[in-house]
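Colleague: Questions regarding the structure given below will be posed in turn.
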Amino acid sequence: MNTVSSAESVSGYWTEESANRPGRARIRARIGGLHCSLCTGTIEKALGKQPGVDKVAVSLTHEQALIEYDPRIAHPEELLQTLQDIGYTISDPRKLRPFEEEEAALVREGRRFLAALACSLVAIGLVAHPEGFWMTLLSTVVFASLVVFVFVVLRARGFGIALGGAAGLGMIGLALHFAKTQGWLLEPTPWITAVLAFAVVFGIGNHILIMAFQALRRGILNQHVLLETGAFAGIVGGLIGVALRPSGYPTASFFAVTVMVATYHIFSEWLSLIVKTRSSQAVKKLLDLQPDTARVVRGDREEEIPIARVRIGDRVRIRPGERIPVDGEVISGHSSVDESFVTGEPVPVEKAEGSQVVGGSINRMGTLLVRVKTIGEETFLQQVIRYVEDARALKPGLLHLVDRVLQVYTPTVLVIALLAVIGWVVGSWIASGHVDIERAVFAGLSVLVMGYPCAVGISAPLSIVRGAGEAAERGILMRTGEAFQAYRLVKHVVLDKTGTLTEGQPLVQEILPLGSTEEELLGLSAAAEISSEHPLAQAITNAAFERKITPPAVENFLAVPGRGVSAVIEGAKVLVGSPKFLEEESIDLAPLAARIHELEKAGRTVIAVARNGNALGIVALGDRLRADAAKTITALRKIGIKPVLLTGDNERAAKRMAREAGIEEVYAGVLPDRKADVIRQLQRAGKVAMVGDGINDAPALMQADVGIAMGSGTDIAIESADIIILGNRLESILVAHDISRRGYRKMVQNVVLAFCFNGIGIPVAATGLIYPIWAMAAMAGSVTAIFFNSLWGKPSLFFNAVMSVGRPQPRLPESAS
Amino acid sequence: MNTVTFKIEGMHCDGCATNIQSLLTRKAGVQKAVASFKEGEARILYDSNAVSEEQLVAAIENSGYQVGNRNRG
């Protein structure tokens with residue numbers, strides 16, 4: 001997490017600022033855990049009560065606290081510790097920097113769009129001549145929509161600013177229009193619009209120009225190229241009008257169309273950026289795999305230094321609960337380590353002198369002194385990250401639907417434009433003996449201007465905004481185009497076992513008392529295991545807690561490593577441990593022997609309990625299938641998808657889980673680096689989706705056409721996934737599939753709608769009989785249609801996406817309810 | 001080991017319950033704690049040798065909530 005645990009110091013996690021009053025200091029800290037505006041009051045009160053604190057201001061939207069205090073009495077460390085004590089977390093400002101940079105980029109692009117909008121409003125004001133019902137309606141709709149856009153973009157800065165800005169720009173546009181109708185601005189109008197056109201194309205929208213140029217150089221005709229041909233056509237058309245001044249020539253309209261077209265394109269780029277940034281930010285928040293610093297022992301001192309400066313041979317001390325920062329060998333100390341991110345198994349591995357440890361695994365109870373053996377790129381973790389990134393780079397992305405259509409569409413538009421010019425030249429020569437160059441050029445330019453499928457650029461991000469928004473509301477992050485385009489096509493869904501199909505942690509499955517009650521048995525075991533951090537012990541104490549059993553007090557306690565615990569509880573000698581341990585202590589387990597044998601054969605872990613020499617019963621623990629697993633598998637089958645189980649675990653345990661879940665195809669005992677091979681094999685039959693949760697699944701997740709990660713892993717699995725399930729509910733796989741299907745359908749509808757308008761408009765433009773103003777009409781119409789189609793029923797998704805720019809991100813839901 | 005259930009007033013959302021839960025769990029001597037906004041209570045399993053019931057109440061009230069009814073066992 002980007003937050004500080006109580007074991008670490010909070011030094012440096014605040015910034016100092018100058019205070020207004022003399023003799024006072026002021027600090028600003030980033031806080032996490034603020035859920036509602038009332039929480040801010042709680043914090044302000046709690047901090048305000050601290051001696052030496054003068055003023056406290058907490059901002060929910062910025063997730064910050066500003067504290068002014070007397071530095072002689074209060075100290076920042078203590079103040080922040082107080083914050084932690086009341087349940088909030090302090091965020092590491094270093095880790096938050098990339099978020100802030102990305103946010104700043106979004107704000108910049110938003111401002112670009114705002115500038116373009118302003119130019120558009122002026123241009124429309126000058127150019128629109130509402131004659132007749134339809135033209136008036138259209139002009140009003142376009143104008144209104146632009147004003148609304150201004151409001152929405154400015155909203156993040158405050159309601160007042162948004163209202164003022166929108167109203168102000170609207171007024172200017174209307175005023176200019178009014179001036180036009182009075183005949184005042186007839187002369188300068190073409191010049192004004194020319195300036196605007198140049199400003200937007202070469203100034204505000206120059207990033208698109210650059211992208212179009214780069215694409216052209218590589219022979220790619222993408223939507224940026226299409227925009228620039230339309231925009232340049234408009235500019236050329238306008239320049240012809242300025243230079244030659246033919247009568248009745250819509251000079252200003254040509255320039256105005258250029259401005260509009262460019263504005264829409266800037267908007268679609270900005271929307272795409274918002275979509276991409278938000279999804280990557282959501283992922284970054286889940287990730288925090290590598291510790292940034294390591295505690296290196298130099299001489300007799302311990303220094304905390306950045307990981308990058310650790311050298312081979314350094315000795316690193318790792319305290320309980322910390323993530324191991326390096327690959328190395330234990331030189332002293334004794335502990336157990338959670339290597340689940342490598343093996344997928346949550347049961348910790350004992351480490352002592354001579355054991356190897358892997359960077360990224362979690363140290364449990366003991367302290368270890370580790371000699372560093374590999375650093376940097378050579379560590380296991382970095383190797384897997386590199387492997388995943390290589391796989392991602394080589395992964396043939398599905399060519400986006402829009403790009404595919406554009407590959408055909410763009411040359412077609414250019415050809416038609418050319419034909420229109422030639423047609424008019426030839427036709428007019430044949431018909432009247434002289435070449436009507438004007439008309440020919442007019443036709444050609446009109447085709448190019450009409451050719452820009454304004455709405456196309458918006459259709460994909462809008463359908464993603466809708467689909468991803470709906471998914472997010474249900475606790476699913478759909479990140480990539482693959483999530484929408486490929487998921488609906490999959491034939492196989494491959495599931496990892498531990499942590500995906502199962503809960504991932506051992507749970508108490510059965511309690512079999514012998515001459516006692518379940519409560520007593522569970523209570524005694526919990527009492528004996530209460531001080532252990534081992535997942536099996538935790539499972540027992542949790543089970544007791546859930547049943548509201550209070551474990552009795554333990555008087556004496558002796559742990560026998562690897563075997564069990566011997567304790568004196570309420571005067572009786574109690575043994576809790578493996579059946580073998582009890583047998584060694586001469587406890588007779590005969591009545592339960594058969595059941596013990598059965599349970600162990602089924603893969604369960606059996607803990608036996610005895611009191612004063614008599615067997616009291618057994619508690620069986622094991623990993624449990626997720627509650628919704630069987631239901632999900634059945635549902636998958638029903639929609640024609642074949643479920644497959646893929647696991648590194650042994651065949652017996654795998655087959656048992658598979659049977660319980662209803663999966664027929666099982667691949668067991670598969671080593672992590674062979675998992676991708678299995679996926680490849682299945683891909684011969686069609687698209688494959690893979691659901692996993694550990695770093696050992698990452699290569700397979702990349703190989704699959706659609707990678708789905710369970711959000712409970714703060715892992716590279718999440719980084720390599722197309723879909724991330726936050727609530728850990730397996731059913732979400734089905735929800736995501738449904739959303740993927742509907743999202744794709746919506747995208748296709750949008751593209752069809754977008755091209756409909758252009759499909760009609762281009763041939764009409766080729767006749768050379770229409771004016772550029774009709775291009776604007778077609779544009780406005782198609783964009784409106786697509787907005788309606790995408791956001792029907794859920795307009796808030798769009799507004800939230802745009803209005804969130806400039807504000808810090810809200811917390812991700814811990815689980816979807 | 002003792003179990004005690006506190007009725008808590010002043011929680012306004014699930015978030016507050018989560019905060020109370022994490023601040024209790026972090027306290028030395030607390031084995032397990034669970035807080036619920038819906039039920040308006042927190043149940044705590046703690047080692048009475050390491051922390052007293054009064055200290056738990058103080059921790060919660062210091063954060064701005066009120067502890068009402070206490071149910072032991």
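Ligands are numbered from 1 in the order shown, chains are lettered A, B, ... in the order of the structure tokens, and residues start at 1 in each chain.
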Give me the chain B side of the contact with chain A, cut-off 6 Å, one line per residue showing its nearest atom pair and distance in Å at one decimal, counting only C-alpha atoms, sorted by chain and residue number, as JSON lines.
Modeller:
```
{"residue": "B:Met1", "atom": "CA", "partner": "A:Ala553", "partner_atom": "CA", "distance": 5.6}
{"residue": "B:Thr3", "atom": "CA", "partner": "A:Thr550", "partner_atom": "CA", "distance": 5.8}
{"residue": "B:Gly15", "atom": "CA", "partner": "A:His35", "partner_atom": "CA", "distance": 5.2}
{"residue": "B:Asn19", "atom": "CA", "partner": "A:Gly87", "partner_atom": "CA", "distance": 4.5}
{"residue": "B:Ser22", "atom": "CA", "partner": "A:Gly87", "partner_atom": "CA", "distance": 5.7}
{"residue": "B:Leu23", "atom": "CA", "partner": "A:Gly87", "partner_atom": "CA", "distance": 4.4}
{"residue": "B:Ser63", "atom": "CA", "partner": "A:Ile86", "partner_atom": "CA", "distance": 5.2}
{"residue": "B:Gly64", "atom": "CA", "partner": "A:Thr42", "partner_atom": "CA", "distance": 5.8}
```
Colleague: Show me, as a list of chain:residue names, the residues that have an atom within 12 Å of Gly68 of chain B when counting only C-alpha atoms, minus same-chain residues fewer than 2 positions from it.
Modeller: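 Near Gly68 of chain B, the qualifying residues are B:Thr5, B:Phe6, B:Lys7, B:Ile8, B:Glu9, B:Gly10, B:Gly40, B:Glu41, B:Ala42, B:Val57, B:Ile60, B:Glu61, B:Tyr65, B:Gln66, B:Arg70, B:Asn71.
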Colleague: Suppose we keep C-alpha atoms; can you now write the selection as a short mmCIF file (atom, residue, chain, number, x, y, z; two decimals), in the first residue's frame?
Modeller:
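Below is the file again34.cif, written as the result:
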```cif
data_model
loop_
_atom_site.label_atom_id
_atom_site.label_comp_id
_atom_site.auth_asym_id
_atom_site.auth_seq_id
_atom_site.Cartn_x
_atom_site.Cartn_y
_atom_site.Cartn_z
CA THR B 5 -18.79 -6.03 22.81
CA PHE B 6 -19.18 -2.27 22.83
CA LYS B 7 -22.18 -0.42 21.47
CA ILE B 8 -20.75 2.54 19.65
CA GLU B 9 -22.48 5.81 18.88
CA GLY B 10 -21.29 8.38 16.41
CA GLY B 40 -23.44 -0.04 15.68
CA GLU B 41 -21.05 -2.13 17.70
CA ALA B 42 -17.54 -3.50 17.97
CA VAL B 57 -12.93 2.49 25.61
CA ILE B 60 -12.45 4.65 20.80
CA GLU B 61 -13.67 7.77 22.56
CA TYR B 65 -17.08 8.21 19.21
CA GLN B 66 -19.13 7.32 22.27
CA ARG B 70 -20.73 -2.94 27.28
CA ASN B 71 -21.34 -6.63 27.02
#
```
Colleague: Could you tell me which of A:Ala468, A:Leu80, A:Val508, A:Ala676 comes closest to Ile31 of chain A if we count only C-alpha atoms?
Modeller: A:Leu80
Colleague: Choose the residue, out of B:Arg43, B:Ala35, B:Asn69, B:Val30, that has the smallest atom-to-atom separation from Gln55 of chain B; count only C-alpha atoms.
Modeller: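 Of B:Arg43, B:Ala35, B:Asn69, B:Val30, the one nearest Gln55 of chain B is B:Val30, counting only C-alpha atoms.
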Colleague: Quick check, in Å to one decimal: how far apart do atom CA of Ala709 of chain A and atom CA of Asp722 of chain A lie?
Modeller: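 So the answer is 7.9 Å.
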Colleague: Given only C-alpha atoms as the basis, pick out the residue of B:Val67, B:Arg72, B:Ala17, B:Leu24 nearest to Glu39 of chain B.
Modeller: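 Closest residue, counting only C-alpha atoms: B:Ala17.
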Colleague: I'd like the contact shell of Asp14 of chain B - 9 Å cut-off, only C-alpha atoms, skipping same-chain residues fewer than 2 positions apart - returned as a PDB file with C-alpha atoms, in the first residue's frame.
Modeller:
```pdb
ATOM      1  CA  HIS A  35     -14.560   8.072   3.794  1.00  0.00           C
TER       2      HIS A  35
ATOM      3  CA  MET B  11     -20.368   6.211  13.434  1.00  0.00           C
ATOM      4  CA  HIS B  12     -21.670   7.788  10.273  1.00  0.00           C
ATOM      5  CA  CYS B  16     -15.902   4.905  10.408  1.00  0.00           C
ATOM      6  CA  ALA B  17     -16.399   1.264  11.333  1.00  0.00           C
ATOM      7  CA  THR B  18     -13.338   0.326   9.318  1.00  0.00           C
ATOM      8  CA  ASN B  19     -11.278   3.002  11.063  1.00  0.00           C
ATOM      9  CA  SER B  36     -19.950  -3.008  12.233  1.00  0.00           C
ATOM     10  CA  PHE B  37     -21.635   0.200  11.176  1.00  0.00           C
ATOM     11  CA  LYS B  38     -24.942  -1.535  10.595  1.00  0.00           C
TER      12      LYS B  38
END
```
Colleague: Which residues, written as a PyMOL selection string, have at least one atom at most 12 Å from Met690 of chain A, with only C-alpha atoms counted and residues fewer than 3 positions away on the same chain left out?
Modeller: chain A and resi 483+487+490-497+500-501+642-647+675-676+678-680+682-683+687+693+697-710+717+720-724+733
Colleague: Would you list the contacts of Ala559 of chain A as a VMD selection string, taking every protein, DNA or RNA residue within 12 Å and counting only C-alpha atoms, but skipping same-chain residues closer than 5 positions in sequence?
Modeller: chain A and resid 528 to 532 564 to 568 574 to 577 581
Colleague: Smallest atom-to-atom distance to Leu625 of chain A: which of A:Cys454, A:Leu477, A:Leu216, A:Leu507, using only C-alpha atoms?
Modeller: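 Looking only at the distances to Leu625 of chain A, the closest residue turns out to be A:Leu507.
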Colleague: With DSSP run on the backbone, what are the helix (DSSP H, G or I) residues within chain B? I'd like them as an MDAnalysis selection string.
Modeller: chainID B and resid 14:26 53:62
Colleague: Any chance you could list, as a ChimeraX atom specification, the residues in chain B that come up strand (DSSP E) when DSSP is run on the backbone?
Modeller: /B:2-9,30-36,41-46,66-72
Colleague: Have a look at atom CA of Pro535 of chain A and atom CA of Leu514 of chain A and let me know their distance in Å, one decimal.
Modeller: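 Atom-to-atom, atom CA of Pro535 of chain A to atom CA of Leu514 of chain A, that is 24.9 Å.
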Colleague: Which distance in Å separates atom CA of Val666 of chain A and atom CA of Glu651 of chain A, to one decimal?
Modeller: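 A separation of 8.5 Å between them.
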Colleague: I'd like the contact shell of Ile786 of chain A - 8 Å cut-off, only C-alpha atoms, skipping same-chain residues fewer than 5 positions apart - returned as an mmCIF file with all heavy atoms, in the first residue's frame.
Modeller:
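File produced: part.cif:
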```cif
data_model
loop_
_atom_site.group_PDB
_atom_site.id
_atom_site.type_symbol
_atom_site.label_atom_id
_atom_site.label_comp_id
_atom_site.auth_asym_id
_atom_site.auth_seq_id
_atom_site.Cartn_x
_atom_site.Cartn_y
_atom_site.Cartn_z
ATOM 1 N N ALA A 455 -17.437 11.571 -35.142
ATOM 2 C CA ALA A 455 -17.878 10.804 -33.997
ATOM 3 C C ALA A 455 -17.061 9.548 -33.778
ATOM 4 O O ALA A 455 -17.088 8.970 -32.699
ATOM 5 C CB ALA A 455 -19.343 10.449 -34.187
ATOM 6 N N SER A 459 -16.447 7.390 -30.382
ATOM 7 C CA SER A 459 -17.281 6.212 -30.157
ATOM 8 C C SER A 459 -16.602 5.179 -29.264
ATOM 9 O O SER A 459 -17.222 4.639 -28.359
ATOM 10 C CB SER A 459 -17.708 5.572 -31.477
ATOM 11 O OG SER A 459 -16.579 5.266 -32.259
ATOM 12 N N ASN A 750 -22.150 2.506 -32.263
ATOM 13 C CA ASN A 750 -21.591 3.852 -32.375
ATOM 14 C C ASN A 750 -20.872 4.048 -33.683
ATOM 15 O O ASN A 750 -21.028 5.060 -34.357
ATOM 16 C CB ASN A 750 -20.598 4.109 -31.225
ATOM 17 C CG ASN A 750 -21.301 4.408 -29.935
ATOM 18 O OD1 ASN A 750 -22.492 4.666 -29.930
ATOM 19 N ND2 ASN A 750 -20.569 4.382 -28.841
ATOM 20 N N LEU A 753 -23.352 4.313 -36.509
ATOM 21 C CA LEU A 753 -23.983 5.644 -36.492
ATOM 22 C C LEU A 753 -23.036 6.698 -37.016
ATOM 23 O O LEU A 753 -23.406 7.559 -37.817
ATOM 24 C CB LEU A 753 -24.384 6.009 -35.058
ATOM 25 C CG LEU A 753 -25.749 5.544 -34.585
ATOM 26 C CD1 LEU A 753 -25.912 5.903 -33.119
ATOM 27 C CD2 LEU A 753 -26.840 6.178 -35.416
ATOM 28 N N ALA A 754 -21.787 6.624 -36.532
ATOM 29 C CA ALA A 754 -20.811 7.635 -36.936
ATOM 30 C C ALA A 754 -20.643 7.627 -38.439
ATOM 31 O O ALA A 754 -20.661 8.670 -39.094
ATOM 32 C CB ALA A 754 -19.478 7.370 -36.249
#
```
